[in-house]
Structure formats: C-alpha cells, structure tokens
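Novice: One structure, pasted below without further comment.
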Amino acid sequence: MISNHTDDAHNIVVHYDTEATEPATRFIVWVEGNDRHVVAEDGELPASTWARVLEQVQDMRRSLAEAEQRDPAWKNPAFIRGNPHRQAHVYAGIEPTREQVAAHMRKWIIWSLWQLSNPYRNDNAMERIAALGALAELYGLHQPQTVYFTVPTLEQLNAEIARREAL
C-alpha cells in the first residue's frame, strides 16, 4: 500500500510503500516540474542516502532561485522559472504514477501562468492576457454558463412588501 508522509521541517512529501520489507534504495525527487534520481551506493547506510536526497532537494530549490540571475540582460529578471518554496515530492522505492506526474506538472504550469499574468512580474500586456486566457481554460471558466431564475410578479412583490411592513 502506498502512503504519504509530510516532512514539514524540509517541506517534503514522501511517498513510500508501507509493505516494503527493506529500506528504499532508489528515490525520485520532484520539484517544480523537474525530477532527479538518487540511488543508494553499495553498503551505504539509509541515513546517508536520505542525506543525499535532502541535498538534491536543496540543490534543486537553489537552482530555481538562481535562475533569475543567470542572464542579467533577460527581459524580466523578476520572473523566475519556479517557486523555490514549493513542496518537493520524494518517491522512496516506488515510481510515481502518471496521474501523480500530471498533477505535479499541472501545479507547475498553473504557477507559471500566474507569474506570467502578474503585472508586477510581466510588463507585456498581450502575454498577460494569453496567460489569463490559459488559466481560465484550465479552471473551466472560459465557457459561458446559463443561469435560470424566476422574476416575481408585481402582485408577489407587493405581497412581500406588505408582509414585511406588518412585522
């Protein structure tokens, strides 16, 4: 059975198999649409392997934060590729399902579109409009919705007014 554990100190969600009889020797780390694999070396203690997993998580977050400083001539250096504070997902000894990968990518795409649609981060109005349109499609807001309601008759309105005045 697959279970989850949230490590609040490191902002990591660990997915693991509760029926596994041995410690995990292979880890897949997901942060902001990127993944890395960490494999235990022969004779390595599980605590040492986990320390290397945490190092990879921190390195992935650091690379997100440094992305904005790689090219100072970039059009908008305030726009970074990802959120370095977002939760990391670590799959310990298991492969993520297609649904889990799709959910991670969806969150990353939504976050990127929010950044593109933010006037403080992006000064190009056409890009902001396109990002807002894409967000509307993702959330299902682009389709007109039909709303039905009944307009009360004049007699019903007068009766309600009289009832309220009697109170």
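Chain labels follow the order of the structure tokens: the first chain is A, the next B, and so on; residue numbering restarts at 1 in every chain, and ligands are counted from 1 in their shown order.
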Excluding His5 in chain A and its own-chain neighbours fewer than 3 positions away, which residues fall within 10 Å of it when counting only C-alpha atoms? Please give them as a ChimeraX atom specification.
Specialist: /A:8,12-16,89-90
Novice: Determine, counting only C-alpha atoms, which protein, DNA and RNA residues have an atom within 10 Å of an atom of Arg26 in chain A; residues of the same chain fewer than 5 positions away are not included. Present the result as a list in words.
Specialist: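 Everything that qualifies: His37, Val38, Val39, Ala40, Glu41, Thr49, Val53, Tyr91, Ala92, Gly93, Ile94 and Glu95 of chain A.
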Novice: Give me a file of those residues, with C-alpha atoms, as a PDB file, in the first residue's frame.
Specialist:
```
ATOM      1  CA  HIS A  37      17.049  10.205  -9.251  1.00  0.00           C
ATOM      2  CA  VAL A  38      19.117   9.270  -6.210  1.00  0.00           C
ATOM      3  CA  VAL A  39      20.319   5.673  -5.934  1.00  0.00           C
ATOM      4  CA  ALA A  40      21.921   4.218  -2.812  1.00  0.00           C
ATOM      5  CA  GLU A  41      25.505   3.113  -3.273  1.00  0.00           C
ATOM      6  CA  THR A  49      21.232   8.028   1.289  1.00  0.00           C
ATOM      7  CA  VAL A  53      18.226  13.053  -1.130  1.00  0.00           C
ATOM      8  CA  TYR A  91       9.142   8.785  -4.162  1.00  0.00           C
ATOM      9  CA  ALA A  92      11.022   6.293  -1.991  1.00  0.00           C
ATOM     10  CA  GLY A  93      11.443   2.955  -3.734  1.00  0.00           C
ATOM     11  CA  ILE A  94       8.392   3.441  -5.956  1.00  0.00           C
ATOM     12  CA  GLU A  95       7.668   5.015  -9.328  1.00  0.00           C
TER      13      GLU A  95
END
```
Novice: Which residue gives the smallest distance to Ala131 in chain A among A:Glu160, A:Asn11, A:Val147, A:Trp111, with only C-alpha atoms counted?
Specialist: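 Residue with the minimum atom-to-atom distance to Ala131 in chain A: A:Trp111.
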Novice: Tell me which of A:Met1, A:His10, A:Thr146, A:Thr97 sits closest to Glu55 in chain A, counting only C-alpha atoms.
Specialist: A:His10
